Every structure is written in C-alpha cells, then in structure tokens.
Amino acid sequence: MKNYLYFPLFAFFVILVSCHKKSNSKIKLEKGISFELAKYRKQQITEVTYNLDFKIPKEKQDPIASRLQVNFTLNDLKNDVLLDFNEATSNLKSIKINTNVSEIKHQKEHIILDKTKLNVGKNTVEIVFDAGETSLNRNNEFLYTLLVPDRASTLFPCFDQPDIKAKYNLKITAPANWKVLAGGFEKSTKEEGDFTEHTFATSDVMSTYLFSFVAGVFKEETKNPGAFDMRFLYRENNKEKIKESVSEVFKIHQNALEFLEAYTQVKFPFQKMDFAAIPPFQYGGMEHVGAIQYRQSSLFLDKNATQNRKLGRAKLIAHETSHMWFGDLVTMKWFNDVWMKEVFANFMADKIINPVFPEVNHTLSFMMTHYPSAYSEDRTKGTNAIRQYLGNLKDAGSIYGRIIYNKAPIMMRQLENLLGDAVFQEGIQDYIKTYQNTNADWNELVSILDEKSAGEIKNWSDVWVNSSGRPIFSEEIEYNEKGNVTKFIIHQNAEDGSRKVWTQSFKIQLKDARGYVKNINIKNMGKSFDITEATLDFKPGQVLYNTNGFGYGVFPIYKKEIGNYKYIKDEVSRGYQFINLYENMLIGKVTPLETFQVYLGAIKVEKNELISNYVSGRLQAIFWTFLTEKQRKSIQQQTESEIFGLLEKGFPKNIKKTLFGLYQAIAISNQGKENLYQIWKEEKTIKNLFLNEDDFTSLAMKLAIFKHPKATEILEVQQTRISNKDRLERFRWLLPSVSQDEIERDAFMRSLLQKEHREKESWVQVALNNIHHPLQHASSTKYLKSILEKLEEVQLTGDIFFPKGWLASSIGNYSSKEAFEILNSFLKDHPNYNPILLKKLLQTTDNLTRAQKIKN
C-alpha cells in the first residue's frame, strides 16, 4: 500500500511537469479522460456552449434522435480537438465542422476533430446522433439523466471534465402527457401531434456532470416558500405522504437556502432551484444545477415517520442545497478533489439542521451519523486517504465512499476547531467569492486558511487529508503503594504501523470509587499527552474516553465497566462508548458475545432514537456475522423473547419502530415467524407501532426469506395491497429473489450477472441482499466467485456507488470459512487487480476476514 502522506502531492507535481513538457506534443489517445488530456484541453478550449435537441419516442426501446451544436473558442492548433463520446460509433450519424461535412473519426471513446478544419478563435461543430443509453435511466413512463462523474459523454459528445464549464441551450421533444424539468427555465412549448416540444432558456454556466433533465409522467407542484418559485415533480400517490411531505420539502429547501446565503455571504447563485423525486433513483440525491434529483422514498414520509427519518430527509435536502455553492458554483478542478464538494455539503447540512430540529442533540447526531460509517472503511486494509490520486476520469466513480462522506466532515470539524469558528467561516467566504463560477482545488483553500492561521495548516492537512487510517490510543499509567496515580500519559499510534500523528482535541472523564468525577480537556494532542498533573492523588476506577464525541480513533476500554455504559447520563458520551466498544471488539479487546450482552442490556433501557438505532444495528451485525453458530443458537430464544417483550412495553413510537426492525431481523424461530405473520396479517397489533405499506412489503419478503410455511400466499396477497404502480413493479421484480424454489432463485441470480438486468441498481442491491441473506448461504455461496469476477464490468456499466453496493449486498453478508477461501482464491488468481476496485473489495470483506479470527 502506498504512503499517501507524500504520494499525491509528488505524483501531481510529476504529472504537472510532464503535462507542461508535452503541451506542444501530440496528446496520447486513450479511453476515458486522462489527467494529461484534461490539463491540455483546459488551456486549449474556452467559451463553450452546448445547443442540444433530444427527441424522446413513446417506446423506451426506440433510440432518441438527437442533435448537438457545440460552440467553443480554440486557443491553439497544436493538436486535434477531442470530444468525448463513450458510446458506439454507430450512434454517430454525421458531423460538420464549421459548416463543412467531416469524416466521422471515433476512437477510444473520443470524436477526433481534425485541426486542419478548425480555426484559432471561434468554432462550431454540429453532430447528428442517437443519444447514448448508459445514463438515460429509461422507464416506460419516465426517464432521467445522471451524469456524474464522467457520464455526460455517454449521453452526448462533450468536453467531459469538471473544469470546462459551459452554458446549455436545450430542446426536448417528448410525449404530450410528459412533463420535462431541466437546468434552465422552460421558455416555450409547441404541440406536435402526440408530442410536445419543450424549449428551455440558456442555463447557468456549469460542469458537464451537473447537466440534467427529467422527463415523464409526473405530478407537479409549484410553491414559493420565501425566495422564489420552486417546482417539484413526483410520482408518489399516497395521499397521506403527499399531505405530510410536499410542503415540508419546500420549507426545508428554503431554510437551507437562507442559511447558506447568510453563512457564505453569497446570494443563491443560479436562476432557479427545482427538484424531482424519482422512485428508483440510485442515490439519496444529486445536485444538478436548477433541477435537483432525489430518491422518492427519501422525501415522502408518513405521519408516523420517526424523528430519525425526518432528520435524514432534512440532512439530505440541506446537503443537496449546499452543493449549489459547494460544487456547483465553485467546482473542483479534477475529480481527485470531489471530496471537497461532498465534505462541505455534509458539513453545512449538519449546521443547517440545527435550527430546523431544535429538540435534537446535534453533537450526538453528527457523531452517530459520521463516526461508525467512517470507521467501517478506515479500519480496513482497503482504506484510502480523503484526497486520492486520480490519473483518469474513468476511475473517478471508485473514489467515492465513506471516507469522503463521513471521515471528511470529522476532519473539517477538527479543522474548524483548530482555526476557530469565525476564522474558518471567513476563510470559506473568501474561497467562495474568489472562485465562484470557476474551479478550485484543496491546496487553494488550504492557502487561504493558512494565511488566517498561526498554525501550519498544510502540515496538518498532510496527515488528515493526504493520508489514510486512524490512530489507536493507549494508556501509560503508574501507581504508588496507595494505589494513587503517579503517571498518566495517553499515546496514539497509527493503526497501520506508520508514524502518522493526528493532531486533535477531545475530552475524557475519570471516575473514582466514591463516584467523584474529573473531566479533562485534551487540546491539540500530538503523539502523546501527559495528564499526570490532573490525576495525581486520584484513583480512577473508570476512564471514559472521547466523552464529547470529538476525537477520532479507537480508545481504551475498561472491561469491568462496559456493562455500565447504559447508565451514562450524557447522551454523547453514552453513544460514543457504544461506538468505541464495537471497535474494540473488532480488534480483539472484548469478545462478540460479551459485546452482544452489553448491547442487549442497553437496548432494554435506551430512550434516544439515534443511540437505539446504532445499538440495534450492532446487535444484528454481531448476531449474523461474529457469533458462532453454537453461540447464536444458545442466545436465540432468549434474545428473541426479550426483544418481543420490549415491543409490548411503553416505549415511544420511534423506539418501537427500531425495536421492531431488530425483532424482524432475528425472529427466525417458529414462534418468531408466527408473531411476524400475525403482525403482517394485522391480526396482532402492538401499541405505538405504526407500520405503513412499505413496512408490510418488507415484512412479507422477510417472511419468505425466513421460509414461513405460507410464504407463497403471503407474497401473493402482498401484491394486492400495494397501491403505487412503481412500488408494485419493484415488488414483482424482486419476487424471484425470495422465491421458495432454489432453481428460480438461482436463475434470477444468474440474470443479475448480465448488465441488461442491472439497470435499476437500488433494486439489484435489495435482490442481492435477499439472495445472500445468511439463511440462504447454503444455496448462494456458489455464486460468490461469479460476483467477484463481474466486479470490473459492474464498475464500467454501473453508477458510482454500485461497485461497492454490489459487493456489500453479496459477499459482504458472509462470515464463513468457505466464503473466505473463495475471496482468497480470487485475490491469489488476480495479483495485479485494479487497485481501486481492490480497495472496495477489501473494505466490504473486512468483516468476513475478521470473523475468521474472531470466531476461532
């Protein structure tokens, strides 16, 4: 594994020098967009405008006839101009360069525009083509584009790199009953028989990955929540969800917008902010300029939605709204800095929700959202630095992950603490105003912050941003003959054995036998921190680390005290002790069974939804992954009985929903399945447990996986209960994944190995989780080799999160020796495997690997 402390800066220096030397030579033609090509084109091409015309037919299998006129200014004629088009050459019908018909030269995903037909100065290229299908996401009644990070070139010919921003003039002809949403205002419509031609005003300037349109049969609502009219397209038909959600969605957008204008001191930077809710959307949301896209289920909640669900929706909307400034207005130069837009969106989202949810403990929310997720990748052999090397844009999708989305906000909070809130905000305002409507990289932001700081932010950044991993903290304690502390030093060592030191701050709490408490601030800790003076003549019976949830790493535990974590009054401290306990279990400091019992005791009394959700998740993970079969059988009946007993107690509805989720995950006994069946039939009701249509659908599938005797009947009846045709289509598509017939499940699993059956990626991941549920491993293990062998194809044909989702939903569900041997055999047979995909594989199989040691 490379040492990321020095590699990225050195590598980029080498590439920059190389690019400079080669600027007068021929650019190498290769698939994707190389860093060399991107740097050259940035100085070669300016003032780009795309004029696009798409004609969408009624039948989704018919091609979309399209026209492009791209205007640009050319600064030199040293090389041919390369337009990116990652589709079949047969899609290209004709090309004109400056009104002259040109031969179609399409090689290695690029259209080659002959320099002899171009001019220094203004040029116009016209192309007639069939739109590429890879990123069109076509359904019978709607379609939507999703072009991040390098997928614009799979739709139309373009300069598909983030630092060549452009304006768009768009015309879309679609079936007459379809609505269309795009980045510019709809300027006019014209009826053409059964079709309508929609013409849009010139868009704001944006990178290619931010261009988008949505077209289809949608409901529509326009409201002015305070700033300007916003338009909302959706397909939800549940009246309760619509009533509870639509106005709230507008309100949250407006609140986020107002906060960001105040924080950045830059007014909303685009002509409009509309949004669409799409049933099978691959992500939670995507920040397209003027036309944000969301997964529909993330926005539409019923009246019984838990606070955590509402909080999640608010964070999602705030995240995408934050991108209008962080990512859309100021865009990274190259996708190695894609994490910048994500960290700021997450970081700002956490700030924005404070006034929206005044009853929430926001420190706890930040901690429970980011720390477990960041640790889940940073503890693995596949971890990576926040800022990674990227030599070709075709690999950009694999840079995304939990390090970007969850560790980076933790880093940014430490940085804000280091600088101070006011200085940090001032630096961000300078950054936005300096680089608005252009591009910037991390080093340019660091330079702004460095000028405002007395410390060395560049050095601090080398460890936190340019290197991977986390510290493991330890104690050095000495006592005198009376048992009092004479020496107490805290040390940190990098988990990967390197010499990295994460400068950071956190708090600890010491408690003696009398119950006397000392709280100690650890300020900007380096390699070691001496707290001897604060602990002299003190007999700590318990030391709680990171009680403010601010530090990052694995902290010591006192095993005799872990059963008392549930009694800690401070929610942040209590939550972090549970997080830290799980991390200590994974490194062998405490057994899974001991940890399971601590969590089981805790969930019986836990009243905080965020902590309860975390504890429930860990109970499920330990139950299915880290307990031996003998241990699982020994605690099964008691655990199941105790959780069901909790459901019948007086917990509030949000905790009841969490407890039911836990029960539903582990109730595999005959009595447990019967209880779930009676709940599904609505013959057994539980006070304060409110289940909606989606909950009953999920429960029906779970009963099938658990092999309830009436599974076939349950699934047939559930189809008649589903009122939304999009959800019904999803349910029917998923049915083979929970079939009682192994032959049918096998045939369905084989179909997923073909790319044409993986179009709806969120559905595919649910199906894989069903097929590879621990109870199905006897019949599903045989497909793990094929799953691994398809990973490279999945990366090439899927969206950015799908490669890891493909793995996490399949081999990520295993802990057996047989699965571990299949993994090792694959790694042995592929010694030079794609390093980016190897990281994803090592991340998702970390539990499988640890289980071999933990369970033996």
# chains A, B, ... in the order shown; residues from 1 in each chain; ligands from 1

$ select_by_dssp --residues "region 359-551 of chain A" --states "strand (DSSP E)" --output "PyMOL selection string"
chain A and resi 439-440+471-479+485-494+504-512+517-525+528-530+540-545

$ select_by_dssp --residues "region 567-676 of chain A" --states "alpha helix (DSSP H)" --output "ChimeraX atom specification"
/A:571-586,592-603,609-621,629-647,653-666,670-676

$ closest_atom_pairs --of "region 124-216 of chain A" --to "region 101-113 of chain A" --cutoff "10 Å" --atoms "only C-alpha atoms" --output "Markdown table"
| residue | atom | partner | partner_atom | distance |
| --- | --- | --- | --- | --- |
| A:Val125 | CA | A:Leu113 | CA | 8.8 |
| A:Glu126 | CA | A:Val101 | CA | 9.2 |
| A:Ile127 | CA | A:Ile104 | CA | 9.7 |
| A:Ser153 | CA | A:Glu109 | CA | 8.5 |
| A:Thr154 | CA | A:Glu109 | CA | 9.1 |
| A:Pro157 | CA | A:Ile111 | CA | 7.7 |
| A:Cys158 | CA | A:Ile111 | CA | 9.3 |
| A:Phe159 | CA | A:His110 | CA | 9.7 |

$ write_last_selection --atoms "N, CA and C atoms" --output "PDB file, in the first residue's frame"
ATOM      1  N   VAL A 125     -19.253  23.083 -34.158  1.00  0.00           N
ATOM      2  CA  VAL A 125     -19.314  21.687 -34.578  1.00  0.00           C
ATOM      3  C   VAL A 125     -20.752  21.212 -34.427  1.00  0.00           C
ATOM      4  N   GLU A 126     -21.296  20.609 -35.492  1.00  0.00           N
ATOM      5  CA  GLU A 126     -22.662  20.092 -35.468  1.00  0.00           C
ATOM      6  C   GLU A 126     -22.623  18.576 -35.636  1.00  0.00           C
ATOM      7  N   ILE A 127     -23.337  17.887 -34.762  1.00  0.00           N
ATOM      8  CA  ILE A 127     -23.337  16.419 -34.785  1.00  0.00           C
ATOM      9  C   ILE A 127     -24.772  15.919 -34.703  1.00  0.00           C
ATOM     10  N   SER A 153     -20.556  12.122 -21.303  1.00  0.00           N
ATOM     11  CA  SER A 153     -20.066  11.638 -22.596  1.00  0.00           C
ATOM     12  C   SER A 153     -20.691  10.312 -23.006  1.00  0.00           C
ATOM     13  N   THR A 154     -21.456   9.682 -22.113  1.00  0.00           N
ATOM     14  CA  THR A 154     -22.227   8.506 -22.516  1.00  0.00           C
ATOM     15  C   THR A 154     -23.589   8.909 -23.052  1.00  0.00           C
ATOM     16  N   PRO A 157     -21.887  13.980 -27.167  1.00  0.00           N
ATOM     17  CA  PRO A 157     -20.476  14.375 -27.295  1.00  0.00           C
ATOM     18  C   PRO A 157     -20.207  15.683 -26.548  1.00  0.00           C
ATOM     19  N   CYS A 158     -19.127  15.706 -25.783  1.00  0.00           N
ATOM     20  CA  CYS A 158     -18.848  16.893 -24.969  1.00  0.00           C
ATOM     21  C   CYS A 158     -17.397  16.871 -24.495  1.00  0.00           C
ATOM     22  N   PHE A 159     -16.997  17.951 -23.839  1.00  0.00           N
ATOM     23  CA  PHE A 159     -15.703  18.009 -23.161  1.00  0.00           C
ATOM     24  C   PHE A 159     -15.986  17.649 -21.693  1.00  0.00           C
TER      25      PHE A 159
END

$ closest_atom_pairs --of "region 203-278 of chain A" --to "region 717-728 of chain A" --cutoff "9 Å" --atoms "only C-alpha atoms" --output "JSON lines"
{"residue": "A:Arg235", "atom": "CA", "partner": "A:Asp726", "partner_atom": "CA", "distance": 8.3}
{"residue": "A:Glu236", "atom": "CA", "partner": "A:Asn724", "partner_atom": "CA", "distance": 7.3}
{"residue": "A:Asn237", "atom": "CA", "partner": "A:Asn724", "partner_atom": "CA", "distance": 6.4}
{"residue": "A:Asn238", "atom": "CA", "partner": "A:Asn724", "partner_atom": "CA", "distance": 7.6}

$ write_last_selection --atoms "C-alpha atoms" --output "PDB file, in the first residue's frame"
ATOM      1  CA  ARG A 235     -44.844  10.152  -8.804  1.00  0.00           C
ATOM      2  CA  GLU A 236     -45.974   9.404  -5.241  1.00  0.00           C
ATOM      3  CA  ASN A 237     -49.738   8.711  -4.985  1.00  0.00           C
ATOM      4  CA  ASN A 238     -50.147   8.046  -1.259  1.00  0.00           C
TER       5      ASN A 238
END

$ closest_residue --among "A:Phe690, A:Tyr168, A:Tyr545, A:Tyr263" --to "Ser203 (chain A)" --atoms "only C-alpha atoms"
A:Tyr168

$ atom_distance --atom1 "CA of Arg41 (chain A)" --atom2 "CA of Val81 (chain A)"
8.2 Å

$ residues_around --residues "Thr685 (chain A)" --least-positions-apart "4" --cutoff "12 Å" --atoms "only C-alpha atoms" --output "list in words"
Leu647, Glu648, Asn675, Leu676, Tyr677, Gln678, Ile679, Trp680, Lys681, Leu689, Phe690 and Leu691 of chain A

$ residues_around --residues "Phe35 (chain A)" --least-positions-apart "5" --cutoff "8 Å" --atoms "only C-alpha atoms" --output "list of chain:residue names"
A:Ile15, A:Leu390, A:Gly391, A:Asn392, A:Leu393

$ write_last_selection --atoms "C-alpha atoms" --output "PDB file, in the first residue's frame"
ATOM      1  CA  ILE A  15       2.142  14.919 -13.828  1.00  0.00           C
ATOM      2  CA  LEU A 390      -6.708  10.045  -9.970  1.00  0.00           C
ATOM      3  CA  GLY A 391      -4.936   9.524 -13.282  1.00  0.00           C
ATOM      4  CA  ASN A 392      -8.015   9.064 -15.467  1.00  0.00           C
ATOM      5  CA  LEU A 393     -11.580  10.263 -15.028  1.00  0.00           C
TER       6      LEU A 393
END

$ residues_around --residues "Phe626 (chain A)" --least-positions-apart "3" --cutoff "7 Å" --atoms "only C-alpha atoms" --output "number ranges by chain"
A: 592, 622-623, 851, 854-855

$ write_last_selection --atoms "N, CA and C atoms" --output "compact mmCIF listing (two decimals), in the first residue's frame"
# COMPACT_ATOMS: atom_id res chain seq x y z
N PRO A 592 -17.24 -10.97 20.96
CA PRO A 592 -18.56 -10.63 20.40
C PRO A 592 -19.71 -10.96 21.36
N ILE A 622 -23.50 -8.41 14.96
CA ILE A 622 -22.84 -9.44 15.78
C ILE A 622 -23.58 -10.76 15.67
N PHE A 623 -24.90 -10.70 15.72
CA PHE A 623 -25.73 -11.92 15.67
C PHE A 623 -25.44 -12.73 14.42
N ALA A 851 -13.87 -12.08 10.92
CA ALA A 851 -14.65 -13.16 11.52
C ALA A 851 -13.86 -14.46 11.61
N ILE A 854 -11.91 -13.91 14.84
CA ILE A 854 -12.76 -13.67 16.00
C ILE A 854 -13.54 -14.92 16.39
N LYS A 855 -14.00 -15.69 15.40
CA LYS A 855 -14.86 -16.84 15.69
C LYS A 855 -14.07 -18.10 16.00

$ closest_residue --among "A:Met749, A:Ile508, A:Ala256, A:Leu418" --to "Ile771 (chain A)" --atoms "only C-alpha atoms"
A:Met749

$ closest_residue --among "A:Lys167, A:Lys351, A:Lys407, A:Lys589" --to "Phe259 (chain A)" --atoms "only C-alpha atoms"
A:Lys351

$ residues_around --residues "Lys782 (chain A)" --least-positions-apart "3" --cutoff "12 Å" --atoms "only C-alpha atoms" --output "PDB file with N, CA, C and O atoms, in the first residue's frame"
ATOM      1  N   ASP A 746     -31.783 -19.262  -8.259  1.00  0.00           N
ATOM      2  CA  ASP A 746     -30.527 -19.406  -8.987  1.00  0.00           C
ATOM      3  C   ASP A 746     -30.614 -18.751 -10.368  1.00  0.00           C
ATOM      4  O   ASP A 746     -29.676 -18.080 -10.807  1.00  0.00           O
ATOM      5  N   MET A 749     -30.423 -15.056  -9.923  1.00  0.00           N
ATOM      6  CA  MET A 749     -29.060 -14.631  -9.592  1.00  0.00           C
ATOM      7  C   MET A 749     -28.197 -14.630 -10.848  1.00  0.00           C
ATOM      8  O   MET A 749     -27.410 -13.699 -11.070  1.00  0.00           O
ATOM      9  N   ARG A 750     -28.354 -15.639 -11.684  1.00  0.00           N
ATOM     10  CA  ARG A 750     -27.579 -15.681 -12.932  1.00  0.00           C
ATOM     11  C   ARG A 750     -27.942 -14.508 -13.843  1.00  0.00           C
ATOM     12  O   ARG A 750     -27.082 -13.962 -14.530  1.00  0.00           O
ATOM     13  N   ILE A 771     -31.007 -12.711  -1.738  1.00  0.00           N
ATOM     14  CA  ILE A 771     -30.409 -13.977  -2.178  1.00  0.00           C
ATOM     15  C   ILE A 771     -29.276 -14.412  -1.268  1.00  0.00           C
ATOM     16  O   ILE A 771     -29.092 -15.609  -0.998  1.00  0.00           O
ATOM     17  N   HIS A 772     -28.510 -13.429  -0.770  1.00  0.00           N
ATOM     18  CA  HIS A 772     -27.324 -13.736   0.037  1.00  0.00           C
ATOM     19  C   HIS A 772     -27.544 -13.486   1.532  1.00  0.00           C
ATOM     20  O   HIS A 772     -26.589 -13.290   2.278  1.00  0.00           O
ATOM     21  N   GLN A 776     -29.674 -18.090   3.555  1.00  0.00           N
ATOM     22  CA  GLN A 776     -29.642 -18.646   2.202  1.00  0.00           C
ATOM     23  C   GLN A 776     -28.238 -19.066   1.764  1.00  0.00           C
ATOM     24  O   GLN A 776     -28.047 -19.467   0.612  1.00  0.00           O
ATOM     25  N   HIS A 777     -27.265 -18.965   2.651  1.00  0.00           N
ATOM     26  CA  HIS A 777     -25.882 -19.197   2.239  1.00  0.00           C
ATOM     27  C   HIS A 777     -25.625 -20.601   1.702  1.00  0.00           C
ATOM     28  O   HIS A 777     -24.735 -20.792   0.863  1.00  0.00           O
ATOM     29  N   ALA A 778     -26.386 -21.557   2.156  1.00  0.00           N
ATOM     30  CA  ALA A 778     -26.181 -22.920   1.670  1.00  0.00           C
ATOM     31  C   ALA A 778     -26.393 -23.007   0.160  1.00  0.00           C
ATOM     32  O   ALA A 778     -25.749 -23.813  -0.528  1.00  0.00           O
ATOM     33  N   SER A 779     -27.281 -22.169  -0.360  1.00  0.00           N
ATOM     34  CA  SER A 779     -27.567 -22.205  -1.800  1.00  0.00           C
ATOM     35  C   SER A 779     -26.926 -21.056  -2.564  1.00  0.00           C
ATOM     36  O   SER A 779     -26.864 -21.093  -3.799  1.00  0.00           O
ATOM     37  N   LYS A 785     -17.938 -16.500  -6.465  1.00  0.00           N
ATOM     38  CA  LYS A 785     -16.862 -16.377  -7.456  1.00  0.00           C
ATOM     39  C   LYS A 785     -17.331 -15.543  -8.641  1.00  0.00           C
ATOM     40  O   LYS A 785     -16.606 -14.647  -9.117  1.00  0.00           O
ATOM     41  N   SER A 786     -18.540 -15.789  -9.120  1.00  0.00           N
ATOM     42  CA  SER A 786     -19.085 -15.031 -10.250  1.00  0.00           C
ATOM     43  C   SER A 786     -19.302 -13.574  -9.869  1.00  0.00           C
ATOM     44  O   SER A 786     -19.073 -12.671 -10.689  1.00  0.00           O
ATOM     45  N   ILE A 787     -19.750 -13.345  -8.644  1.00  0.00           N
ATOM     46  CA  ILE A 787     -19.934 -11.974  -8.156  1.00  0.00           C
ATOM     47  C   ILE A 787     -18.621 -11.205  -8.250  1.00  0.00           C
ATOM     48  O   ILE A 787     -18.568 -10.065  -8.729  1.00  0.00           O
ATOM     49  N   LEU A 788     -17.544 -11.829  -7.788  1.00  0.00           N
ATOM     50  CA  LEU A 788     -16.238 -11.173  -7.798  1.00  0.00           C
ATOM     51  C   LEU A 788     -15.733 -10.978  -9.223  1.00  0.00           C
ATOM     52  O   LEU A 788     -15.165  -9.929  -9.546  1.00  0.00           O
ATOM     53  N   SER A 810     -23.683  -8.739  -1.341  1.00  0.00           N
ATOM     54  CA  SER A 810     -23.453 -10.156  -1.624  1.00  0.00           C
ATOM     55  C   SER A 810     -22.398 -10.713  -0.674  1.00  0.00           C
ATOM     56  O   SER A 810     -22.720 -11.137   0.435  1.00  0.00           O
ATOM     57  N   ILE A 811     -21.138 -10.665  -1.067  1.00  0.00           N
ATOM     58  CA  ILE A 811     -20.088 -11.244  -0.226  1.00  0.00           C
ATOM     59  C   ILE A 811     -19.972 -10.518   1.114  1.00  0.00           C
ATOM     60  O   ILE A 811     -19.495 -11.087   2.097  1.00  0.00           O
ATOM     61  N   GLU A 818     -15.750 -20.929   4.097  1.00  0.00           N
ATOM     62  CA  GLU A 818     -15.871 -21.213   2.668  1.00  0.00           C
ATOM     63  C   GLU A 818     -15.840 -19.925   1.845  1.00  0.00           C
ATOM     64  O   GLU A 818     -15.150 -19.844   0.818  1.00  0.00           O
ATOM     65  N   ALA A 819     -16.580 -18.903   2.302  1.00  0.00           N
ATOM     66  CA  ALA A 819     -16.577 -17.620   1.592  1.00  0.00           C
ATOM     67  C   ALA A 819     -15.199 -16.972   1.648  1.00  0.00           C
ATOM     68  O   ALA A 819     -14.740 -16.368   0.672  1.00  0.00           O
ATOM     69  N   GLU A 821     -12.341 -18.507   1.808  1.00  0.00           N
ATOM     70  CA  GLU A 821     -11.455 -19.220   0.872  1.00  0.00           C
ATOM     71  C   GLU A 821     -11.718 -18.793  -0.568  1.00  0.00           C
ATOM     72  O   GLU A 821     -10.789 -18.675  -1.378  1.00  0.00           O
ATOM     73  N   ILE A 822     -12.977 -18.539  -0.920  1.00  0.00           N
ATOM     74  CA  ILE A 822     -13.308 -18.056  -2.267  1.00  0.00           C
ATOM     75  C   ILE A 822     -12.680 -16.686  -2.489  1.00  0.00           C
ATOM     76  O   ILE A 822     -12.115 -16.416  -3.559  1.00  0.00           O
TER      77      ILE A 822
END

$ closest_residue --among "A:Asp421, A:Asp194, A:Asp337, A:Glu792" --to "Leu445 (chain A)" --atoms "only C-alpha atoms"
A:Asp337

$ atom_distance --atom1 "CA of Gly184 (chain A)" --atom2 "CA of Asp204 (chain A)"
7.3 Å

$ residues_around --residues "Leu181 (chain A)" --least-positions-apart "3" --cutoff "12 Å" --atoms "only C-alpha atoms" --output "PyMOL selection string"
chain A and resi 142-145+170-172+174+178+184-187+198-201+211-218+220+230-234+272-277+288-293

$ atom_distance --atom1 "CA of Gln265 (chain A)" --atom2 "CA of Gly285 (chain A)"
25.1 Å
